[in-house]
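Student: protein.txt is reproduced in full below (compact mmCIF, C-alpha atoms).
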```
# COMPACT_ATOMS: atom_id res chain seq x y z
CA MET M 610 -28.34 5.50 18.81
CA LYS M 611 -25.79 3.27 17.14
CA ARG M 612 -25.78 5.52 14.15
CA ALA M 613 -25.10 8.59 16.24
CA LEU M 614 -22.23 6.78 17.90
CA LEU M 615 -20.77 5.81 14.57
CA THR M 616 -20.96 9.34 13.25
CA THR M 617 -19.24 10.64 16.35
CA ALA M 618 -16.54 8.00 16.11
CA CYS M 619 -15.91 8.82 12.48
CA ILE M 620 -15.70 12.52 13.14
CA LEU M 621 -13.21 11.80 15.90
CA ALA M 622 -11.21 9.51 13.66
CA ALA M 623 -11.19 12.02 10.83
CA THR M 624 -10.15 14.82 13.17
CA ALA M 625 -7.30 12.82 14.63
CA ALA M 626 -6.07 11.80 11.22
CA SER M 627 -6.32 15.03 9.31
CA ALA M 628 -5.77 17.69 11.91
CA GLY M 629 -2.63 18.83 10.20
CA GLU M 630 -3.84 18.87 6.61
CA ASP M 631 -3.96 22.65 6.48
CA SER M 632 -0.95 23.26 8.66
CA THR M 633 2.41 24.24 7.29
CA LEU M 634 5.53 22.16 7.47
CA SER M 635 8.26 24.37 8.83
CA ILE M 636 11.65 23.07 9.85
CA GLU M 637 14.40 25.22 11.36
CA GLY M 638 12.51 28.33 10.25
CA GLU M 639 12.15 27.21 6.65
CA ASP M 640 8.71 26.55 5.10
CA TYR M 641 8.13 23.57 2.83
CA ILE M 642 5.70 23.13 -0.04
CA THR M 643 3.46 20.28 1.09
CA GLN M 644 0.60 21.01 -1.29
CA THR M 645 0.52 22.52 -4.74
CA ALA M 646 -1.19 22.30 -8.12
CA ALA M 647 -0.77 18.89 -9.73
CA PRO M 648 1.60 18.74 -12.71
CA GLU M 649 -0.12 18.87 -16.09
CA HIS M 650 0.40 15.21 -16.90
CA MET M 651 -1.86 14.12 -14.04
CA GLU M 652 -5.34 13.66 -15.44
CA TYR M 653 -7.35 12.81 -12.35
CA VAL M 654 -5.83 14.89 -9.56
CA ASP M 655 -5.93 18.68 -9.13
CA THR M 656 -3.79 19.16 -6.06
CA ILE M 657 -0.86 17.13 -4.87
CA TYR M 658 -0.09 16.69 -1.18
CA SER M 659 2.99 15.51 0.62
CA GLY M 660 2.48 12.40 2.74
CA TRP M 661 3.24 14.68 5.70
CA THR M 662 -0.22 16.27 5.40
CA PHE M 663 -1.93 12.91 6.03
CA ARG M 664 -0.11 12.08 9.22
CA THR M 665 -1.19 12.68 12.80
CA ASP M 666 -0.13 15.79 14.71
CA GLU M 667 2.37 13.72 16.67
CA THR M 668 4.04 12.25 13.59
CA GLN M 669 4.04 15.62 11.86
CA ALA M 670 5.72 17.22 14.87
CA LEU M 671 8.56 14.69 14.80
CA GLN M 672 9.57 15.97 11.38
CA MET M 673 9.38 19.63 12.36
CA ASP M 674 12.41 19.50 14.61
CA ASP M 675 15.63 17.84 13.47
CA PHE M 676 16.49 17.07 17.08
CA ASP M 677 13.26 15.07 17.47
CA ASN M 678 13.48 13.46 14.04
CA PRO M 679 14.73 9.90 14.64
CA ALA M 680 16.15 9.71 11.10
CA PHE M 681 19.11 11.90 12.02
CA VAL M 682 20.68 9.10 14.06
CA PHE M 683 21.00 7.22 10.78
CA LEU M 684 22.25 10.29 8.91
CA ASP M 685 24.98 10.64 11.53
CA GLN M 686 26.02 7.05 10.86
CA ALA M 687 26.12 7.87 7.15
CA ILE M 688 28.39 10.84 7.84
CA ASP M 689 30.81 8.41 9.50
CA GLN M 690 30.47 6.06 6.54
CA TRP M 691 31.22 8.99 4.23
CA ASP M 692 34.76 9.10 5.61
CA THR M 693 35.23 5.33 5.85
CA VAL M 694 37.74 3.81 3.45
CA GLU M 695 36.65 0.56 1.88
CA GLY M 696 37.52 -1.45 -1.22
CA SER M 697 40.69 -2.12 -3.17
CA GLU M 698 41.37 1.53 -4.10
CA GLY M 699 41.78 2.72 -0.52
CA LYS M 700 39.15 5.39 -0.92
CA SER M 701 36.20 6.73 0.98
CA CYS M 702 33.42 8.95 -0.39
CA SER M 703 35.30 11.97 0.92
CA SER M 704 38.42 11.05 -1.05
CA CYS M 705 36.69 12.38 -4.18
CA HIS M 706 33.77 14.43 -2.83
CA GLU M 707 34.99 17.17 -0.58
CA ASP M 708 31.61 18.00 0.93
CA VAL M 709 28.37 16.04 0.83
CA ALA M 710 26.61 19.42 0.64
CA ASP M 711 27.82 19.62 -2.97
CA PHE M 712 25.02 17.20 -3.78
CA ALA M 713 22.36 19.83 -3.14
CA GLY M 714 19.79 19.53 -5.91
CA LEU M 715 20.66 16.02 -7.02
CA LYS M 716 17.59 14.32 -5.49
CA THR M 717 15.20 16.70 -7.28
CA SER M 718 16.23 15.29 -10.67
CA LEU M 719 16.33 11.58 -9.86
CA PRO M 720 15.77 9.04 -11.28
CA ARG M 721 17.24 10.24 -14.59
CA VAL M 722 18.55 8.74 -17.81
CA GLU M 723 22.31 8.37 -18.25
CA ASN M 724 23.67 6.70 -21.37
CA GLY M 725 20.29 5.25 -22.21
CA GLU M 726 19.76 3.77 -18.75
CA LEU M 727 17.48 4.94 -16.00
CA VAL M 728 19.55 5.51 -12.86
CA THR M 729 18.54 6.12 -9.27
CA LEU M 730 20.54 7.71 -6.48
CA THR M 731 21.27 4.20 -5.25
CA ASN M 732 22.71 3.28 -8.66
CA LEU M 733 24.96 6.36 -8.57
CA VAL M 734 26.25 5.52 -5.11
CA ASN M 735 26.88 1.91 -6.08
CA GLU M 736 28.73 3.03 -9.19
CA CYS M 737 31.17 4.87 -6.94
CA VAL M 738 31.35 2.01 -4.44
CA THR M 739 32.20 -0.59 -7.08
CA GLU M 740 34.07 1.29 -9.81
CA ARG M 741 35.95 4.01 -7.95
CA MET M 742 36.33 2.45 -4.51
CA GLY M 743 36.77 -1.10 -5.77
CA SER M 744 34.40 -2.44 -3.16
CA LYS M 745 31.49 -4.86 -3.22
CA GLU M 746 28.12 -3.41 -4.23
CA TRP M 747 26.00 -2.26 -1.29
CA LYS M 748 22.64 -3.99 -0.86
CA TYR M 749 19.93 -1.92 -2.57
CA SER M 750 17.88 -1.13 0.54
CA GLY M 751 20.41 -2.23 3.14
CA ALA M 752 21.23 -0.06 6.16
CA LYS M 753 24.43 1.35 4.66
CA MET M 754 22.77 2.32 1.38
CA SER M 755 19.54 3.69 2.85
CA GLY M 756 21.53 5.83 5.28
CA MET M 757 23.89 7.14 2.58
CA THR M 758 21.12 7.90 0.07
CA ALA M 759 19.17 9.64 2.85
CA LEU M 760 22.22 11.76 3.68
CA ILE M 761 22.76 12.72 0.04
CA ALA M 762 19.06 13.37 -0.63
CA HIS M 763 18.91 15.46 2.54
CA GLN M 764 21.24 17.99 0.89
CA SER M 765 18.30 18.86 -1.41
CA ARG M 766 15.81 19.38 1.42
CA GLY M 767 13.58 22.34 0.67
CA MET M 768 14.24 22.24 -3.08
CA THR M 769 11.38 21.23 -5.35
CA MET M 770 11.07 17.92 -7.17
CA ASN M 771 11.66 18.30 -10.89
CA VAL M 772 12.39 15.07 -12.75
CA LYS M 773 12.66 14.91 -16.51
CA ILE M 774 9.86 12.91 -18.10
CA ASP M 775 10.23 13.70 -21.81
CA GLY M 776 12.92 12.91 -24.39
CA ASP M 777 14.99 9.89 -23.47
CA ALA M 778 13.13 9.60 -20.16
CA ALA M 779 9.75 9.20 -21.88
CA PRO M 780 9.77 5.42 -22.43
CA PHE M 781 10.76 4.79 -18.79
CA TRP M 782 8.10 7.21 -17.60
CA GLU M 783 5.46 5.47 -19.74
CA GLN M 784 6.49 2.10 -18.32
CA GLY M 785 6.19 3.49 -14.80
CA LYS M 786 2.77 4.93 -15.54
CA GLU M 787 1.57 1.60 -16.86
CA LEU M 788 2.77 -0.13 -13.68
CA TYR M 789 1.04 2.50 -11.55
CA TYR M 790 -2.33 1.63 -13.06
CA GLN M 791 -1.79 -2.12 -13.32
CA ARG M 792 -3.79 -4.26 -10.91
CA VAL M 793 -1.77 -7.01 -9.25
CA GLY M 794 -1.95 -9.59 -6.51
CA GLN M 795 -4.73 -11.67 -5.03
CA LEU M 796 -6.36 -8.43 -3.88
CA ASP M 797 -6.14 -7.20 -7.49
CA MET M 798 -5.26 -3.58 -6.79
CA ALA M 799 -3.19 -0.94 -8.57
CA CYS M 800 -1.29 1.91 -6.89
CA SER M 801 -4.03 4.19 -8.24
CA ASN M 802 -6.86 2.39 -6.43
CA CYS M 803 -5.60 3.58 -3.05
CA HIS M 804 -3.34 6.54 -3.78
CA GLU M 805 -5.27 8.28 -6.54
CA ASP M 806 -8.90 7.21 -6.07
CA ASN M 807 -8.91 7.06 -2.27
CA TYR M 808 -6.31 9.37 -0.78
CA GLY M 809 -7.71 11.11 2.28
CA ASN M 810 -9.88 8.11 3.16
CA MET M 811 -9.23 5.83 6.08
CA ILE M 812 -8.41 2.22 5.29
CA ARG M 813 -9.03 0.73 8.68
CA ALA M 814 -6.53 2.57 10.94
CA ASP M 815 -4.47 4.07 8.13
CA HIS M 816 -5.08 7.43 6.48
CA LEU M 817 -4.40 6.89 2.77
CA SER M 818 -1.94 9.34 1.25
CA GLN M 819 -1.15 10.09 -2.37
CA GLY M 820 1.91 7.88 -2.10
CA GLN M 821 4.31 10.76 -2.78
CA ILE M 822 8.03 10.02 -2.49
CA ASN M 823 9.45 13.53 -2.02
CA GLY M 824 10.33 12.67 1.59
CA PHE M 825 12.28 9.49 0.78
CA PRO M 826 14.45 7.93 2.04
CA LEU M 827 12.54 8.43 5.26
CA TYR M 828 12.10 7.17 8.80
CA ARG M 829 9.11 4.96 9.52
CA LEU M 830 7.83 4.59 13.05
CA LYS M 831 6.54 1.17 12.06
CA ASN M 832 9.99 -0.37 11.67
CA ALA M 833 12.18 2.29 13.31
CA LYS M 834 14.62 2.61 10.42
CA ILE M 835 15.28 4.44 7.17
CA ASN M 836 13.02 3.16 4.40
CA THR M 837 13.70 3.42 0.69
CA THR M 838 11.20 3.95 -2.12
CA HIS M 839 11.78 0.47 -3.50
CA GLY M 840 11.44 -1.02 -0.03
CA ARG M 841 8.11 0.76 0.33
CA PHE M 842 6.91 -0.36 -3.11
CA LYS M 843 7.79 -3.89 -2.11
CA GLY M 844 5.78 -3.56 1.11
CA CYS M 845 2.74 -2.27 -0.76
CA MET M 846 2.89 -5.13 -3.24
CA SER M 847 3.16 -7.71 -0.48
CA ASN M 848 0.17 -6.13 1.25
CA ILE M 849 -1.96 -6.69 -1.81
CA ARG M 850 -0.59 -10.23 -1.93
CA ALA M 851 1.46 -9.72 -5.10
CA VAL M 852 4.99 -10.92 -5.79
CA PRO M 853 7.00 -7.69 -5.53
CA PHE M 854 9.29 -6.64 -8.34
CA LYS M 855 12.99 -6.69 -7.54
CA GLU M 856 14.44 -3.74 -5.64
CA GLY M 857 16.69 -1.88 -8.06
CA GLY M 858 15.07 -3.67 -11.00
CA PRO M 859 13.72 -1.96 -14.13
CA GLU M 860 10.08 -2.03 -12.98
CA PHE M 861 10.63 -0.28 -9.65
CA LYS M 862 13.04 2.23 -11.21
CA ALA M 863 10.44 3.15 -13.84
CA LEU M 864 7.75 3.32 -11.16
CA GLU M 865 10.00 5.55 -9.05
CA LEU M 866 10.40 7.96 -11.96
CA TYR M 867 6.67 8.06 -12.61
CA ILE M 868 5.75 8.56 -8.95
CA ALA M 869 8.48 11.20 -8.55
CA SER M 870 6.88 13.02 -11.49
CA ARG M 871 3.52 12.99 -9.71
CA GLY M 872 5.23 15.02 -7.00
CA GLN M 873 6.73 17.72 -9.24
CA GLY M 874 6.61 20.97 -7.29
CA LEU M 875 6.63 19.47 -3.79
CA SER M 876 9.63 20.16 -1.59
CA VAL M 877 12.16 17.46 -0.94
CA GLU M 878 11.65 16.56 2.75
CA THR M 879 14.35 13.94 3.23
CA PRO M 880 14.50 12.61 5.84
CA ALA M 881 10.74 12.69 6.38
CA VAL M 882 8.99 10.87 9.22
CA ARG M 883 5.99 8.66 8.54
CA ASN M 884 3.99 6.02 10.36
CA MET Y 15 -15.54 -54.05 18.29
CA LYS Y 16 -17.21 -55.16 15.10
CA LEU Y 17 -20.24 -53.08 15.92
CA LYS Y 18 -18.14 -50.00 16.61
CA GLY Y 19 -16.47 -50.38 13.23
CA ALA Y 20 -19.81 -50.73 11.51
CA ILE Y 21 -21.09 -47.57 13.14
CA ALA Y 22 -17.97 -45.69 12.16
CA PHE Y 23 -18.36 -46.88 8.59
CA ALA Y 24 -22.02 -45.90 8.51
CA THR Y 25 -21.25 -42.48 9.93
CA ALA Y 26 -18.49 -41.91 7.40
CA THR Y 27 -20.83 -42.96 4.59
CA VAL Y 28 -23.53 -40.58 5.72
CA ALA Y 29 -21.04 -37.76 6.06
CA PHE Y 30 -19.60 -38.45 2.64
CA THR Y 31 -23.01 -38.73 0.97
CA GLY Y 32 -24.12 -35.55 2.67
CA PHE Y 33 -21.05 -33.75 1.38
CA ALA Y 34 -21.49 -35.11 -2.14
CA ALA Y 35 -25.12 -34.07 -2.31
CA PHE Y 36 -24.21 -30.45 -1.48
CA ALA Y 37 -20.86 -30.29 -3.26
CA GLU Y 38 -19.74 -26.68 -3.03
CA THR Y 39 -19.37 -24.59 -6.15
CA LYS Y 40 -15.72 -24.11 -7.08
CA PRO Y 41 -14.59 -20.49 -7.43
CA MET Y 42 -14.45 -20.40 -11.22
CA ASP Y 43 -17.74 -22.32 -11.60
CA VAL Y 44 -19.87 -19.71 -9.88
CA SER Y 45 -22.69 -18.64 -12.14
CA PHE Y 46 -23.31 -14.90 -12.16
CA GLU Y 47 -26.39 -13.26 -13.60
CA ASP Y 48 -26.25 -9.46 -13.76
CA GLY Y 49 -23.61 -9.67 -11.06
CA MET Y 50 -25.88 -11.74 -8.82
CA VAL Y 51 -25.40 -15.30 -7.61
CA ALA Y 52 -28.75 -16.95 -6.88
CA VAL Y 53 -27.69 -20.25 -5.33
CA SER Y 54 -25.74 -20.82 -2.13
CA LEU Y 55 -22.12 -21.75 -2.87
CA THR Y 56 -22.30 -24.57 -0.34
CA GLY Y 57 -25.93 -25.60 -0.56
CA GLN Y 58 -26.18 -24.61 3.06
CA ALA Y 59 -27.31 -21.54 4.90
CA GLY Y 60 -24.58 -19.21 6.10
CA ASP Y 61 -23.93 -18.61 9.78
CA PRO Y 62 -24.22 -14.89 10.59
CA VAL Y 63 -22.23 -15.27 13.82
CA GLU Y 64 -19.27 -16.72 11.89
CA GLY Y 65 -19.83 -14.14 9.14
CA ARG Y 66 -19.43 -11.33 11.63
CA LYS Y 67 -16.03 -12.74 12.63
CA VAL Y 68 -14.93 -13.06 9.01
CA PHE Y 69 -16.05 -9.46 8.34
CA MET Y 70 -13.85 -8.19 11.16
CA ASN Y 71 -10.80 -10.47 10.80
CA ARG Y 72 -7.88 -8.71 9.10
CA LYS Y 73 -6.63 -11.96 7.57
CA LEU Y 74 -10.02 -13.07 6.28
CA GLY Y 75 -12.67 -10.66 4.98
CA ASN Y 76 -11.26 -7.53 6.62
CA CYS Y 77 -14.42 -5.86 5.29
CA LEU Y 78 -14.12 -3.27 8.06
CA ALA Y 79 -10.92 -1.98 6.44
CA CYS Y 80 -13.05 -0.28 3.80
CA HIS Y 81 -16.64 -0.24 5.14
CA GLN Y 82 -18.12 1.45 8.19
CA ASN Y 83 -20.45 -0.78 10.15
CA ALA Y 84 -22.52 0.55 13.05
CA ASP Y 85 -23.04 -3.02 14.28
CA MET Y 86 -19.31 -3.21 15.06
CA MET Y 87 -18.72 -0.19 17.24
CA GLU Y 88 -16.58 -2.22 19.63
CA GLN Y 89 -13.96 -2.09 16.86
CA PRO Y 90 -12.10 1.24 16.77
CA PHE Y 91 -11.16 1.68 13.11
CA HIS Y 92 -13.74 1.71 10.32
CA GLY Y 93 -12.67 2.31 6.75
CA GLU Y 94 -14.08 4.92 4.37
CA VAL Y 95 -13.11 3.46 1.02
CA GLY Y 96 -16.41 1.72 0.29
CA PRO Y 97 -19.99 2.61 1.25
CA ALA Y 98 -21.14 2.21 4.86
CA LEU Y 99 -22.93 -1.08 5.31
CA ASP Y 100 -25.62 -0.01 7.77
CA GLY Y 101 -28.94 -1.25 6.43
CA VAL Y 102 -27.27 -3.19 3.63
CA GLY Y 103 -29.66 -6.08 4.40
CA ASP Y 104 -32.60 -3.80 3.54
CA ARG Y 105 -31.10 -2.47 0.33
CA TRP Y 106 -29.84 -5.67 -1.28
CA GLU Y 107 -31.19 -9.14 -1.87
CA GLU Y 108 -29.25 -12.22 -0.82
CA ALA Y 109 -28.30 -12.99 -4.43
CA ASP Y 110 -26.89 -9.47 -4.93
CA LEU Y 111 -24.81 -9.69 -1.79
CA ARG Y 112 -23.50 -13.14 -2.69
CA GLY Y 113 -22.51 -11.82 -6.12
CA ILE Y 114 -20.83 -8.70 -4.73
CA VAL Y 115 -18.85 -10.58 -2.09
CA SER Y 116 -17.82 -13.32 -4.54
CA ASN Y 117 -16.72 -10.93 -7.28
CA ALA Y 118 -17.91 -7.34 -7.10
CA LYS Y 119 -16.39 -6.50 -10.47
CA ASN Y 120 -19.21 -8.27 -12.26
CA MET Y 121 -21.52 -5.56 -10.98
CA PHE Y 122 -19.02 -2.71 -10.54
CA PRO Y 123 -16.21 -3.21 -13.08
CA ASP Y 124 -13.87 -0.48 -11.80
CA SER Y 125 -14.30 -1.27 -8.12
CA ILE Y 126 -11.28 -1.42 -5.83
CA MET Y 127 -13.07 -4.24 -3.98
CA PRO Y 128 -11.22 -7.56 -4.18
CA ALA Y 129 -13.08 -10.61 -5.47
CA PHE Y 130 -13.34 -12.85 -2.43
CA TYR Y 131 -14.24 -16.00 -4.32
CA ILE Y 132 -12.05 -16.36 -7.39
CA ASP Y 133 -8.87 -18.43 -7.46
CA SER Y 134 -7.33 -17.39 -10.75
CA GLY Y 135 -7.21 -14.48 -13.15
CA TYR Y 136 -5.14 -12.15 -10.98
CA GLU Y 137 -1.55 -11.07 -11.82
CA ARG Y 138 1.60 -11.95 -9.83
CA PRO Y 139 -0.10 -13.48 -6.78
CA LEU Y 140 2.22 -14.32 -3.89
CA GLU Y 141 2.93 -18.02 -3.98
CA LYS Y 142 1.07 -18.83 -0.79
CA PHE Y 143 -2.12 -17.29 -2.21
CA ASP Y 144 -1.70 -18.58 -5.76
CA GLY Y 145 -4.65 -20.65 -6.91
CA LYS Y 146 -6.60 -19.80 -3.78
CA SER Y 147 -9.61 -17.65 -3.09
CA ILE Y 148 -9.50 -15.10 -0.28
CA LEU Y 149 -12.49 -16.72 1.43
CA SER Y 150 -13.88 -20.26 1.35
CA ALA Y 151 -17.34 -20.92 -0.05
CA GLN Y 152 -18.73 -21.30 3.47
CA GLN Y 153 -17.08 -18.07 4.62
CA VAL Y 154 -18.72 -16.22 1.71
CA GLU Y 155 -22.08 -17.68 2.74
CA ASP Y 156 -21.43 -16.71 6.36
CA VAL Y 157 -20.61 -13.11 5.40
CA VAL Y 158 -23.72 -12.92 3.21
CA ALA Y 159 -25.84 -14.24 6.08
CA TYR Y 160 -24.29 -11.64 8.38
CA LEU Y 161 -24.84 -8.78 5.93
CA LEU Y 162 -28.52 -9.75 5.69
CA THR Y 163 -28.81 -9.10 9.43
CA LEU Y 164 -27.71 -5.46 8.99
CA LYS Y 165 -31.12 -3.78 8.94
CA GLU Y 166 -32.00 -0.23 9.82
```
Please render this file's structure as structure tokens.

Tutor:
Amino acid sequence: MKRALLTTACILAATAASAGEDSTLSIEGEDYITQTAAPEHMEYVDTIYSGWTFRTDETQALQMDDFDNPAFVFLDQAIDQWDTVEGSEGKSCSSCHEDVADFAGLKTSLPRVENGELVTLTNLVNECVTERMGSKEWKYSGAKMSGMTALIAHQSRGMTMNVKIDGDAAPFWEQGKELYYQRVGQLDMACSNCHEDNYGNMIRADHLSQGQINGFPLYRLKNAKINTTHGRFKGCMSNIRAVPFKEGGPEFKALELYIASRGQGLSVETPAVRN
Amino acid sequence: MKLKGAIAFATATVAFTGFAAFAETKPMDVSFEDGMVAVSLTGQAGDPVEGRKVFMNRKLGNCLACHQNADMMEQPFHGEVGPALDGVGDRWEEADLRGIVSNAKNMFPDSIMPAFYIDSGYERPLEKFDGKSILSAQQVEDVVAYLLTLKE
């Protein structure tokens, strides 16, 4: 009797969690690639899936209509910020960049190596903020930065992720890969334990995804704000009771490159909606 | 007054002696044989009622996060990461279960399952968990006692 109950409960749970796995993400009449063949460098995974496919019908629906997507409130704030003058040079973003839409495609290639250094979108924004605007650096995952990076990444929505992993990017990519498989924390887990070995499984109430970042920066229902990749990495590390690496530090930047490369071929979904 | 003090002293002595006689095994002193741990970590029997609470509690064992358990249907969310634990008390001996709960990696080296009774050897632990095991010796014994009640 108990067994039958359990089976029923599990079927119900699985149905609720994965109802949308085979559905298509379509926003404003445009279809998105939420599953595709894994890039060649991935040894243990055949198909990659956007985090969207693991979410409930309700969460999925929020992302399918920009009017319902709570992230756009924050993108609107970023549009205001875009025209806001700050710093010693009397400039705003729009003083140099006529239209934010000109950044279409940028997110697909980030992080990337510039002058021997791995740079993220956040680094690029902060370079403008400090060097060209003469202002104080924005906090890595602060509200201003997460909104602005979401707005800029949004210009690439629908384009496919395609970061460079060879040449001068190779050593950073290797470092990121090593971190991905490194067990840390009192719970002694690596990214791979949950997001490669167990995606699709329930971990208590949560449906484990592949940990893809094609939808970042994104809105999380859990904290009702825009979340950055490094902020999410930090959260994961705290959950496994490990001291997180520094946001914007070399470890998280390398990890961001490696994880971005595990999503090559998925559409940029920024701003996605997740739980 | 004098008598009261004497009784208190005697009680404390008994309690202390009792504790000393069954000194619990420290996390890194646990002796594993083929992944099994034969002797109780506390020298005392575990309490299955407490063990059930530890199994369920998100801040303690949180075993339910990864394992389905038909004995816990009042709880809505059962994980699917590890094997279901129905009948686990039929399939495993006490020593196996104590070994697996204490440090499953001795039996299953690549397991995702955390070691619940080690207090060193992990990387970058958060300060408040540094040098600590996830469960106490008695909690491990309680969980083992509870698991042994899961019969089909």

Student: Specify as a VMD selection string all residues of chain Y found within 10 Å of chain M, counting all atoms listed in the file.

Tutor: chain Y and resid 72 76 to 87 89 to 96 100 124 to 130 132 to 148 166

Student: Hey, can you check how far CA of Ala647 in chain M sits from CA of Arg883 in chain M?

Tutor: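 Distance between the two atoms: 22.0 Å.
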
Student: Tell me, as JSON, numbers by chain, which residues lie within 12 Å of Asp156 in chain Y, counting only C-alpha atoms; anything in the same chain fewer than 4 positions away does not count.

Tutor: {"Y": [54, 55, 56, 58, 59, 60, 61, 62, 63, 64, 65, 66, 67, 68, 69, 74, 75, 108, 111, 112, 115, 116, 149, 150, 151, 152, 160, 161, 162, 163]}

Student: What is the distance, in Å and to one decimal place, between CA of Gln686 in chain M and CA of Ile835 in chain M?

Tutor: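 These two atoms are separated by 11.7 Å.
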
Student: Near range 708-723 of chain M, counting all atoms listed in the file, which residues have an atom at most 6 Å away, once you skip same-chain residues fewer than 2 positions from it, shown as a PyMOL selection string?

Tutor: chain M and resi 706+725-729+762+764-765+770-772+778+866
